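Asks: I have a structure here, written as structure tokens, and I will follow up with some questions on it.
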Amino acid sequence: MTISSLQKARYEYTPKLPGMLRNGIADICVKEGAETQSVADQEKIKALFPNTYGKKEITFQKGQNTSEAKKQVVGVILSGGQAPGGHNVICGLYDALKATNKDNELYGFKGGPSGLIEDDYLIFDDEYINQYRNTGGFDIIGSGRTKLETNEQFAVVAEVCKKHGITAIVIIGGDDSNTNAGVLAEYFAAHNTGVQVIGCPKTIDGDLKNEDIECSFGFDTATKTYSEIIGNIARDANSAKKYWHFIKVMGRSASHVALECALQTQPNICLVSEEVAEKKMSLADITNYIADAVEKRAAKGMNFGIAVIPEGVVEFVPEFSVLIHEINELLAGSKADEFNALPSWEAKYAFIQNGLTKESMDVFAILPQAIQQQLFLDRDPHGNVQVSLIESEKLFSAMVKENLAARKAAGTYKGKFSALHHFLGYEGRCAFPSNFDSDYCYSLGYNAFMLIQYGYNGYLSKVSNLSAPANEWVAGGMPITKMMNIERRHGEDKPVIKKALVELDGAPFKYFEAHRDEWAVETSFVYPGAIQYYGPAEVCDATTKTLALEHAK
Ligand code: FBP
């Protein structure tokens, strides 16, 4: 296998562990804290998790290891979208497991949760694992989006565990996967399987975050990668001075990624979906907001700029989500076939006009035709509009263009508007993890094994105090049930870990809000450059602005 010189150098990098995990396995002891309660709906969650509810929060400390000496056979899966650092979670887990007892074994189930159901696995050894240290990607065992959530699936998993003598499963995933990890832990406990379950918080979207989990891994590297690219585009814009760049960034629902990139690069515009929803902004409001900035900059001779658009924004525009809902209804069942059989776009348009309410038709009518067609063509297997595929960067630039044409006709705008479009997502999900993510992930994995070794079940590996140097990080675990509340999902009440959206009264948004009017009109771009792996700590170990602002005293 040919490898790059950076890859080779990264193999040699030693990830930094929290101070209390540094003295070797024999010197790690447990401190149990208070019993916990779920963040809401305590009675309901307690009833659903009789065996795993209310357990104590735990922290590791330096001190004599008092865990039981028994052979551990651990299974691990990666679940959902890729996030930089996943390999290091597995490396940390493996190293702690082998350092505890060289006969311990680590099984990697392939392709995500389905690997566990299908019993498709490999057993890690030094030679295999060493090729993945400090590298991006999930290709070490692959990932997948199968949900592990039914009792039938749990029963199969229990059989697979029994067959291999597996004592614990580690699930590396986002809010949904960790919710399911909690449900699986309860199932295992209720059925006396003796198998433990530990979760690790992953997702570049940054929306698995709460008072216990300061951030999910991968967010640091992905946002730094996108910010590098946005900064490079901004510098090109400022050099050529002739284009407005509309840049959509990943983040299926929450806008943490867009906001972090804005804090790093200071673009002229950054939409925040949560604000759009809170202020009930319409497409016209958003268009006007962007066009105002274009006009003001044009008046200063600056016919260029940067607008950052979060991937999920259109779903947060109230009138747009009503439209999507009506379209889903309009094409439900056999009506989709009727629609598809219509011979021309004109005939389809008439069908749509007939089926939508006047309010939704008004919204539909102002969309550029390419977006109108996209809403009816790109549909998921259930026939629903795939909102994440809507090219919102093109939608807003087309609407701004039209708006500016009207302003030109009215004589208020005399500039030139030429737009280019970008979508940043896959560019960052498998980047070489930053030092932060390399260290954080390795620590999460190492810590996950300590939780297993001390017999905990239904816990999320927790590493906190993350804005301080790694030596001061705090390692421990939190019961997953503590993070749960009841939400309505697919018409049913379900216990779930709450997805964290951007808080409009939180420090990162407040900072952005205080500066955005200036950034909109002036050219205040910041060019973060590429992630640095070697060099001064203030460059290489810097956390995200989000984390720094959230932790600022
Ligand atoms: P996870 O929540 O599973 O980590 O995935 C996040 C994400 O990267 C989103 O930002 C994006 O919308 C989605 O995955 C895309 O996933 P896919 O490539 O499977 O369509």
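Going by the structure tokens order, chains are called A, B, ..., each with residues numbered from 1, while ligands are numbered from 1 in the order shown.
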Determine, counting only C-alpha atoms, which protein, DNA and RNA residues have an atom within 10 Å of an atom of Asp517 (chain A); residues of the same chain fewer than 5 positions away are not included. Present the result as a PyMOL selection string.
Replies: chain A and resi 268-269+293+512+522
Asks: Please produce an output containing N, CA, C and O atoms for each residue in the selection, written as a compact mmCIF listing (two decimals), in the first residue's frame.
Replies:
```
# COMPACT_ATOMS: atom_id res chain seq x y z
N ASN A 268 -19.76 37.66 4.79
CA ASN A 268 -20.72 38.77 4.78
C ASN A 268 -22.07 38.32 5.32
O ASN A 268 -22.76 39.07 6.00
N ILE A 269 -22.43 37.09 4.96
CA ILE A 269 -23.73 36.56 5.38
C ILE A 269 -23.54 35.14 5.91
O ILE A 269 -22.78 34.37 5.32
N ALA A 293 -27.45 43.39 1.89
CA ALA A 293 -25.98 43.38 2.05
C ALA A 293 -25.31 43.56 0.69
O ALA A 293 -24.33 44.30 0.55
N PHE A 512 -21.67 36.16 17.18
CA PHE A 512 -21.94 36.33 15.75
C PHE A 512 -22.91 37.49 15.53
O PHE A 512 -22.69 38.37 14.69
N GLU A 522 -18.68 45.40 5.49
CA GLU A 522 -17.22 45.54 5.31
C GLU A 522 -16.66 44.22 4.77
O GLU A 522 -17.32 43.20 4.81
```
Asks: Which chains and residue numbers are within 9 Å of ligand 1, counting only C-alpha atoms and all ligand atoms, if I want them as a ChimeraX atom specification?
Replies: /A:79-83,144-145,173-177,202-208,218,249-254,257,311-312,388-389,425-426,429
Asks: Which is closest to Glu127 (chain A) among A:Pro343, A:Asp437, A:Leu367, A:Tyr11, if we use only C-alpha atoms?
Replies: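 Of the candidates, the smallest distance to Glu127 (chain A) is held by A:Tyr11.
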Asks: Any idea what the distance is between CA of Asn384 (chain A) and CA of Ile327 (chain A)?
Replies: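 It comes out at 8.1 Å.
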Asks: Please provide as an NGL selection string all residues within 9 Å of Ser360 (chain A), with the sequence filter that same-chain residues fewer than 5 positions apart are discarded (counting only C-alpha atoms).
Replies: :A and (319-320 or 322-324 or 326 or 365)
Asks: For those residues, write N, CA, C and O atoms to a file as a compact mmCIF listing (two decimals), in the first residue's frame.
Replies:
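Below is the file selection_27.txt, written as the result:
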```txt
# COMPACT_ATOMS: atom_id res chain seq x y z
N GLU A 319 -43.07 28.66 5.96
CA GLU A 319 -43.91 28.47 4.77
C GLU A 319 -43.37 27.34 3.89
O GLU A 319 -44.13 26.66 3.21
N PHE A 320 -42.06 27.15 3.92
CA PHE A 320 -41.46 26.12 3.09
C PHE A 320 -41.75 24.73 3.65
O PHE A 320 -42.03 23.79 2.91
N VAL A 322 -44.36 23.91 5.31
CA VAL A 322 -45.76 23.61 5.00
C VAL A 322 -45.85 23.13 3.55
O VAL A 322 -46.52 22.13 3.25
N LEU A 323 -45.12 23.83 2.67
CA LEU A 323 -45.13 23.43 1.25
C LEU A 323 -44.65 21.98 1.09
O LEU A 323 -45.27 21.17 0.40
N ILE A 324 -43.55 21.65 1.77
CA ILE A 324 -43.01 20.28 1.67
C ILE A 324 -44.05 19.27 2.16
O ILE A 324 -44.27 18.23 1.54
N GLU A 326 -47.26 19.58 2.19
CA GLU A 326 -48.36 19.46 1.21
C GLU A 326 -47.93 18.65 -0.01
O GLU A 326 -48.70 17.86 -0.55
N ALA A 365 -44.64 29.16 -6.47
CA ALA A 365 -44.55 29.93 -7.71
C ALA A 365 -43.31 30.82 -7.76
O ALA A 365 -42.79 31.10 -8.85
```
Asks: From the list A:Glu260, A:Glu159, A:Glu391, A:Asp380, which residue is nearest Pro368 (chain A) when using only C-alpha atoms?
Replies: A:Glu391
Asks: Identify which of the residues A:Val496, A:Pro508, A:Gly529, A:Ser239 lies closest to Lys44 (chain A), counting only C-alpha atoms when measuring atom-to-atom distances.
Replies: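 Result for the nearest residue to Lys44 (chain A): A:Val496.
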Asks: Please provide as a list in words all residues within 9 Å of Ala530 (chain A), with the sequence filter that same-chain residues fewer than 4 positions apart are discarded (counting only C-alpha atoms).
Replies: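 Selected residues are Lys224, Thr225, Ser227, Glu228 and Ile229 of chain A.
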Asks: When distances are computed from only C-alpha atoms, which of A:Tyr349, A:Lys62, A:Lys55, A:Asn354 shows the smallest separation from Asp27 (chain A)?
Replies: A:Lys62
Asks: Taking 2 positions as the minimum chain separation for residues in the same chain, which residues sit within 8 Å of Leu444 (chain A) when counting only C-alpha atoms? Answer as a PyMOL selection string.
Replies: chain A and resi 89+92-93+200+440-442+446-448+461-463
Asks: Write out, as an mmCIF file, in the first residue's frame, the residues just selected, with C-alpha atoms.
Replies:
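What ended up in result14.cif:
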```cif
data_model
loop_
_atom_site.group_PDB
_atom_site.id
_atom_site.type_symbol
_atom_site.label_atom_id
_atom_site.label_comp_id
_atom_site.auth_asym_id
_atom_site.auth_seq_id
_atom_site.Cartn_x
_atom_site.Cartn_y
_atom_site.Cartn_z
ATOM 1 C CA VAL A 89 -11.733 5.894 19.146
ATOM 2 C CA GLY A 92 -7.832 4.064 22.122
ATOM 3 C CA LEU A 93 -10.248 1.261 22.932
ATOM 4 C CA CYS A 200 -19.270 7.380 22.136
ATOM 5 C CA TYR A 440 -10.320 13.573 22.063
ATOM 6 C CA CYS A 441 -11.230 10.431 20.130
ATOM 7 C CA TYR A 442 -8.360 8.362 21.484
ATOM 8 C CA TYR A 446 -9.560 4.534 26.069
ATOM 9 C CA ASN A 447 -12.122 5.809 28.529
ATOM 10 C CA ALA A 448 -14.850 3.596 27.029
ATOM 11 C CA SER A 461 -17.973 7.795 27.370
ATOM 12 C CA LYS A 462 -17.514 11.332 28.635
ATOM 13 C CA VAL A 463 -14.393 13.470 28.338
#
```
Asks: Within 12 Å of Val526 (chain A), counting only C-alpha atoms, which residues qualify if same-chain residues fewer than 4 places away don't, as a PDB file with all heavy atoms, in the first residue's frame?
Replies:
```pdb
ATOM      1  N   SER A 227     -13.726  25.716   6.967  1.00  0.00           N
ATOM      2  CA  SER A 227     -13.311  27.117   7.154  1.00  0.00           C
ATOM      3  C   SER A 227     -12.069  27.419   6.332  1.00  0.00           C
ATOM      4  O   SER A 227     -11.914  28.536   5.821  1.00  0.00           O
ATOM      5  CB  SER A 227     -13.051  27.400   8.634  1.00  0.00           C
ATOM      6  OG  SER A 227     -14.253  27.240   9.345  1.00  0.00           O
ATOM      7  N   GLU A 228     -11.191  26.442   6.227  1.00  0.00           N
ATOM      8  CA  GLU A 228     -10.021  26.658   5.356  1.00  0.00           C
ATOM      9  C   GLU A 228     -10.505  26.970   3.941  1.00  0.00           C
ATOM     10  O   GLU A 228     -10.068  27.933   3.314  1.00  0.00           O
ATOM     11  CB  GLU A 228      -9.126  25.414   5.319  1.00  0.00           C
ATOM     12  CG  GLU A 228      -7.909  25.614   4.427  1.00  0.00           C
ATOM     13  CD  GLU A 228      -7.350  24.335   3.815  1.00  0.00           C
ATOM     14  OE1 GLU A 228      -7.736  23.236   4.229  1.00  0.00           O
ATOM     15  OE2 GLU A 228      -6.525  24.463   2.883  1.00  0.00           O
ATOM     16  N   ILE A 229     -11.434  26.147   3.450  1.00  0.00           N
ATOM     17  CA  ILE A 229     -11.903  26.311   2.062  1.00  0.00           C
ATOM     18  C   ILE A 229     -12.675  27.624   1.908  1.00  0.00           C
ATOM     19  O   ILE A 229     -12.473  28.363   0.936  1.00  0.00           O
ATOM     20  CB  ILE A 229     -12.762  25.101   1.637  1.00  0.00           C
ATOM     21  CG1 ILE A 229     -11.951  23.812   1.747  1.00  0.00           C
ATOM     22  CG2 ILE A 229     -13.283  25.277   0.213  1.00  0.00           C
ATOM     23  CD1 ILE A 229     -12.747  22.531   1.553  1.00  0.00           C
ATOM     24  N   ILE A 230     -13.531  27.931   2.881  1.00  0.00           N
ATOM     25  CA  ILE A 230     -14.294  29.194   2.799  1.00  0.00           C
ATOM     26  C   ILE A 230     -13.315  30.375   2.806  1.00  0.00           C
ATOM     27  O   ILE A 230     -13.462  31.330   2.030  1.00  0.00           O
ATOM     28  CB  ILE A 230     -15.309  29.304   3.972  1.00  0.00           C
ATOM     29  CG1 ILE A 230     -16.376  28.205   3.833  1.00  0.00           C
ATOM     30  CG2 ILE A 230     -15.957  30.685   4.000  1.00  0.00           C
ATOM     31  CD1 ILE A 230     -17.287  28.047   5.043  1.00  0.00           C
ATOM     32  N   GLY A 231     -12.300  30.291   3.671  1.00  0.00           N
ATOM     33  CA  GLY A 231     -11.293  31.360   3.716  1.00  0.00           C
ATOM     34  C   GLY A 231     -10.573  31.500   2.384  1.00  0.00           C
ATOM     35  O   GLY A 231     -10.329  32.621   1.899  1.00  0.00           O
ATOM     36  N   ASN A 232     -10.258  30.370   1.775  1.00  0.00           N
ATOM     37  CA  ASN A 232      -9.567  30.428   0.468  1.00  0.00           C
ATOM     38  C   ASN A 232     -10.473  31.054  -0.592  1.00  0.00           C
ATOM     39  O   ASN A 232     -10.014  31.867  -1.420  1.00  0.00           O
ATOM     40  CB  ASN A 232      -9.166  29.020   0.012  1.00  0.00           C
ATOM     41  CG  ASN A 232      -8.118  28.397   0.907  1.00  0.00           C
ATOM     42  OD1 ASN A 232      -7.521  29.075   1.748  1.00  0.00           O
ATOM     43  ND2 ASN A 232      -7.894  27.107   0.745  1.00  0.00           N
ATOM     44  N   ILE A 233     -11.748  30.682  -0.565  1.00  0.00           N
ATOM     45  CA  ILE A 233     -12.691  31.252  -1.543  1.00  0.00           C
ATOM     46  C   ILE A 233     -12.851  32.755  -1.267  1.00  0.00           C
ATOM     47  O   ILE A 233     -12.890  33.574  -2.195  1.00  0.00           O
ATOM     48  CB  ILE A 233     -14.058  30.527  -1.470  1.00  0.00           C
ATOM     49  CG1 ILE A 233     -13.916  29.064  -1.908  1.00  0.00           C
ATOM     50  CG2 ILE A 233     -15.100  31.234  -2.333  1.00  0.00           C
ATOM     51  CD1 ILE A 233     -15.173  28.207  -1.724  1.00  0.00           C
ATOM     52  N   ALA A 234     -12.914  33.107   0.020  1.00  0.00           N
ATOM     53  CA  ALA A 234     -13.071  34.527   0.372  1.00  0.00           C
ATOM     54  C   ALA A 234     -11.885  35.344  -0.141  1.00  0.00           C
ATOM     55  O   ALA A 234     -12.033  36.463  -0.634  1.00  0.00           O
ATOM     56  CB  ALA A 234     -13.195  34.664   1.886  1.00  0.00           C
ATOM     57  N   ARG A 235     -10.699  34.751  -0.043  1.00  0.00           N
ATOM     58  CA  ARG A 235      -9.518  35.484  -0.496  1.00  0.00           C
ATOM     59  C   ARG A 235      -9.531  35.626  -2.019  1.00  0.00           C
ATOM     60  O   ARG A 235      -9.086  36.627  -2.573  1.00  0.00           O
ATOM     61  CB  ARG A 235      -8.248  34.778  -0.041  1.00  0.00           C
ATOM     62  CG  ARG A 235      -7.091  35.729   0.003  1.00  0.00           C
ATOM     63  CD  ARG A 235      -6.089  35.370   1.066  1.00  0.00           C
ATOM     64  NE  ARG A 235      -5.415  36.571   1.481  1.00  0.00           N
ATOM     65  CZ  ARG A 235      -4.537  36.625   2.468  1.00  0.00           C
ATOM     66  NH1 ARG A 235      -4.257  35.552   3.149  1.00  0.00           N
ATOM     67  NH2 ARG A 235      -3.954  37.758   2.776  1.00  0.00           N
ATOM     68  N   ASN A 238     -11.961  38.350  -2.733  1.00  0.00           N
ATOM     69  CA  ASN A 238     -11.371  39.660  -2.432  1.00  0.00           C
ATOM     70  C   ASN A 238     -10.263  40.032  -3.423  1.00  0.00           C
ATOM     71  O   ASN A 238      -9.909  41.197  -3.561  1.00  0.00           O
ATOM     72  CB  ASN A 238     -10.825  39.632  -0.994  1.00  0.00           C
ATOM     73  CG  ASN A 238     -10.559  41.025  -0.461  1.00  0.00           C
ATOM     74  OD1 ASN A 238     -11.139  42.007  -0.950  1.00  0.00           O
ATOM     75  ND2 ASN A 238      -9.683  41.114   0.521  1.00  0.00           N
ATOM     76  N   CYS A 261     -18.176  27.995  11.162  1.00  0.00           N
ATOM     77  CA  CYS A 261     -17.421  28.457   9.994  1.00  0.00           C
ATOM     78  C   CYS A 261     -17.497  29.986   9.888  1.00  0.00           C
ATOM     79  O   CYS A 261     -16.516  30.647   9.513  1.00  0.00           O
ATOM     80  CB  CYS A 261     -17.956  27.829   8.702  1.00  0.00           C
ATOM     81  SG  CYS A 261     -17.642  26.061   8.629  1.00  0.00           S
ATOM     82  N   ALA A 262     -18.657  30.547  10.248  1.00  0.00           N
ATOM     83  CA  ALA A 262     -18.795  32.010  10.210  1.00  0.00           C
ATOM     84  C   ALA A 262     -17.900  32.645  11.265  1.00  0.00           C
ATOM     85  O   ALA A 262     -17.248  33.670  11.009  1.00  0.00           O
ATOM     86  CB  ALA A 262     -20.251  32.401  10.441  1.00  0.00           C
ATOM     87  N   LEU A 263     -17.842  32.041  12.445  1.00  0.00           N
ATOM     88  CA  LEU A 263     -16.985  32.602  13.500  1.00  0.00           C
ATOM     89  C   LEU A 263     -15.520  32.547  13.076  1.00  0.00           C
ATOM     90  O   LEU A 263     -14.724  33.416  13.420  1.00  0.00           O
ATOM     91  CB  LEU A 263     -17.188  31.831  14.808  1.00  0.00           C
ATOM     92  CG  LEU A 263     -18.587  31.960  15.440  1.00  0.00           C
ATOM     93  CD1 LEU A 263     -18.748  31.003  16.610  1.00  0.00           C
ATOM     94  CD2 LEU A 263     -18.859  33.393  15.892  1.00  0.00           C
ATOM     95  N   GLN A 264     -15.176  31.517  12.318  1.00  0.00           N
ATOM     96  CA  GLN A 264     -13.770  31.395  11.892  1.00  0.00           C
ATOM     97  C   GLN A 264     -13.421  32.285  10.711  1.00  0.00           C
ATOM     98  O   GLN A 264     -12.279  32.697  10.568  1.00  0.00           O
ATOM     99  CB  GLN A 264     -13.473  29.939  11.524  1.00  0.00           C
ATOM    100  CG  GLN A 264     -13.380  29.033  12.746  1.00  0.00           C
ATOM    101  CD  GLN A 264     -12.728  27.695  12.415  1.00  0.00           C
ATOM    102  OE1 GLN A 264     -11.848  27.618  11.574  1.00  0.00           O
ATOM    103  NE2 GLN A 264     -13.162  26.653  13.078  1.00  0.00           N
ATOM    104  N   THR A 265     -14.377  32.549   9.833  1.00  0.00           N
ATOM    105  CA  THR A 265     -14.010  33.221   8.569  1.00  0.00           C
ATOM    106  C   THR A 265     -14.635  34.605   8.378  1.00  0.00           C
ATOM    107  O   THR A 265     -14.260  35.323   7.476  1.00  0.00           O
ATOM    108  CB  THR A 265     -14.419  32.346   7.353  1.00  0.00           C
ATOM    109  OG1 THR A 265     -15.848  32.193   7.361  1.00  0.00           O
ATOM    110  CG2 THR A 265     -13.773  30.968   7.411  1.00  0.00           C
ATOM    111  N   GLN A 266     -15.628  34.964   9.168  1.00  0.00           N
ATOM    112  CA  GLN A 266     -16.305  36.260   9.102  1.00  0.00           C
ATOM    113  C   GLN A 266     -16.829  36.602   7.696  1.00  0.00           C
ATOM    114  O   GLN A 266     -16.454  37.624   7.102  1.00  0.00           O
ATOM    115  CB  GLN A 266     -15.374  37.359   9.653  1.00  0.00           C
ATOM    116  CG  GLN A 266     -14.935  37.030  11.080  1.00  0.00           C
ATOM    117  CD  GLN A 266     -14.139  38.131  11.772  1.00  0.00           C
ATOM    118  OE1 GLN A 266     -13.720  37.948  12.901  1.00  0.00           O
ATOM    119  NE2 GLN A 266     -13.927  39.244  11.130  1.00  0.00           N
ATOM    120  N   PRO A 267     -17.725  35.769   7.193  1.00  0.00           N
ATOM    121  CA  PRO A 267     -18.297  36.034   5.867  1.00  0.00           C
ATOM    122  C   PRO A 267     -19.277  37.207   5.941  1.00  0.00           C
ATOM    123  O   PRO A 267     -19.622  37.665   7.026  1.00  0.00           O
ATOM    124  CB  PRO A 267     -19.053  34.735   5.565  1.00  0.00           C
ATOM    125  CG  PRO A 267     -19.473  34.250   6.911  1.00  0.00           C
ATOM    126  CD  PRO A 267     -18.358  34.612   7.854  1.00  0.00           C
ATOM    127  N   ASN A 268     -19.759  37.658   4.788  1.00  0.00           N
ATOM    128  CA  ASN A 268     -20.718  38.769   4.784  1.00  0.00           C
ATOM    129  C   ASN A 268     -22.072  38.323   5.316  1.00  0.00           C
ATOM    130  O   ASN A 268     -22.761  39.074   5.996  1.00  0.00           O
ATOM    131  CB  ASN A 268     -20.874  39.330   3.372  1.00  0.00           C
ATOM    132  CG  ASN A 268     -19.527  39.709   2.798  1.00  0.00           C
ATOM    133  OD1 ASN A 268     -18.953  38.993   1.983  1.00  0.00           O
ATOM    134  ND2 ASN A 268     -18.991  40.822   3.275  1.00  0.00           N
ATOM    135  N   ILE A 306     -19.352  36.770   0.371  1.00  0.00           N
ATOM    136  CA  ILE A 306     -19.472  35.361   0.773  1.00  0.00           C
ATOM    137  C   ILE A 306     -20.757  35.202   1.587  1.00  0.00           C
ATOM    138  O   ILE A 306     -20.981  35.954   2.537  1.00  0.00           O
ATOM    139  CB  ILE A 306     -18.280  34.932   1.676  1.00  0.00           C
ATOM    140  CG1 ILE A 306     -16.927  35.118   0.970  1.00  0.00           C
ATOM    141  CG2 ILE A 306     -18.450  33.494   2.182  1.00  0.00           C
ATOM    142  CD1 ILE A 306     -16.652  34.160  -0.159  1.00  0.00           C
ATOM    143  N   TRP A 519     -19.705  42.698   9.491  1.00  0.00           N
ATOM    144  CA  TRP A 519     -19.178  41.741   8.502  1.00  0.00           C
ATOM    145  C   TRP A 519     -19.971  41.799   7.199  1.00  0.00           C
ATOM    146  O   TRP A 519     -19.420  41.555   6.125  1.00  0.00           O
ATOM    147  CB  TRP A 519     -19.248  40.305   9.043  1.00  0.00           C
ATOM    148  CG  TRP A 519     -18.433  40.053  10.275  1.00  0.00           C
ATOM    149  CD1 TRP A 519     -17.530  40.909  10.856  1.00  0.00           C
ATOM    150  CD2 TRP A 519     -18.461  38.880  11.104  1.00  0.00           C
ATOM    151  NE1 TRP A 519     -17.011  40.339  11.995  1.00  0.00           N
ATOM    152  CE2 TRP A 519     -17.558  39.092  12.162  1.00  0.00           C
ATOM    153  CE3 TRP A 519     -19.151  37.678  11.055  1.00  0.00           C
ATOM    154  CZ2 TRP A 519     -17.327  38.139  13.162  1.00  0.00           C
ATOM    155  CZ3 TRP A 519     -18.921  36.725  12.037  1.00  0.00           C
ATOM    156  CH2 TRP A 519     -18.019  36.956  13.086  1.00  0.00           C
TER     157      TRP A 519
END
```
Asks: Between A:Gly199, A:Pro479, A:Gly63, A:Gly305, which has the minimum distance to Trp244 (chain A) (counting only C-alpha atoms)?
Replies: A:Gly305
Asks: I need the residues in region 245-375 of chain A that are strand (DSSP E) according to DSSP; give them as a list of chain:residue names.
Replies: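 Here is the list: A:His245, A:Phe246, A:Ile247, A:Lys248, A:Val249, A:Ile269, A:Cys270, A:Gly305, A:Ile306, A:Ala307, A:Val308, A:Ile309, A:Pro310.
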Asks: I want to know what sits within 9 Å of Asn288 (chain A), based on only C-alpha atoms, with residues of the same chain fewer than 5 positions away left out; could you give that as a list in words?
Replies: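 So the residues in contact are Leu283, Ala293, Val400 and Asn403 of chain A.
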Asks: Go ahead and write the selection's residues with N, CA and C atoms as a compact mmCIF listing (two decimals), in the first residue's frame.
Replies:
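Written file, out.txt:
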```
# COMPACT_ATOMS: atom_id res chain seq x y z
N LEU A 283 -39.14 33.11 2.83
CA LEU A 283 -38.09 33.12 1.79
C LEU A 283 -37.81 34.56 1.37
N ALA A 293 -27.45 43.39 1.89
CA ALA A 293 -25.98 43.38 2.05
C ALA A 293 -25.31 43.56 0.69
N VAL A 400 -32.13 36.16 -4.88
CA VAL A 400 -31.44 37.45 -4.67
C VAL A 400 -31.27 38.16 -6.03
N ASN A 403 -34.47 39.72 -7.00
CA ASN A 403 -34.73 40.85 -6.10
C ASN A 403 -33.90 42.06 -6.51
```
Asks: Could you pull out all residues of region 230-442 of chain A with a DSSP call of alpha helix (DSSP H) and give them as a PyMOL selection string?
Replies: chain A and resi 230-240+256-265+273-278+283-299+313-316+318-330+335-341+345-355+358-366+369-377+392-409+426-429+435-442
Asks: Could you check which of A:Leu460, A:Val314, A:Ala350, A:Ala99 is closest to Ile169 (chain A), using only C-alpha atoms?
Replies: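 Nearest candidate to Ile169 (chain A) out of A:Leu460, A:Val314, A:Ala350, A:Ala99: A:Leu460.
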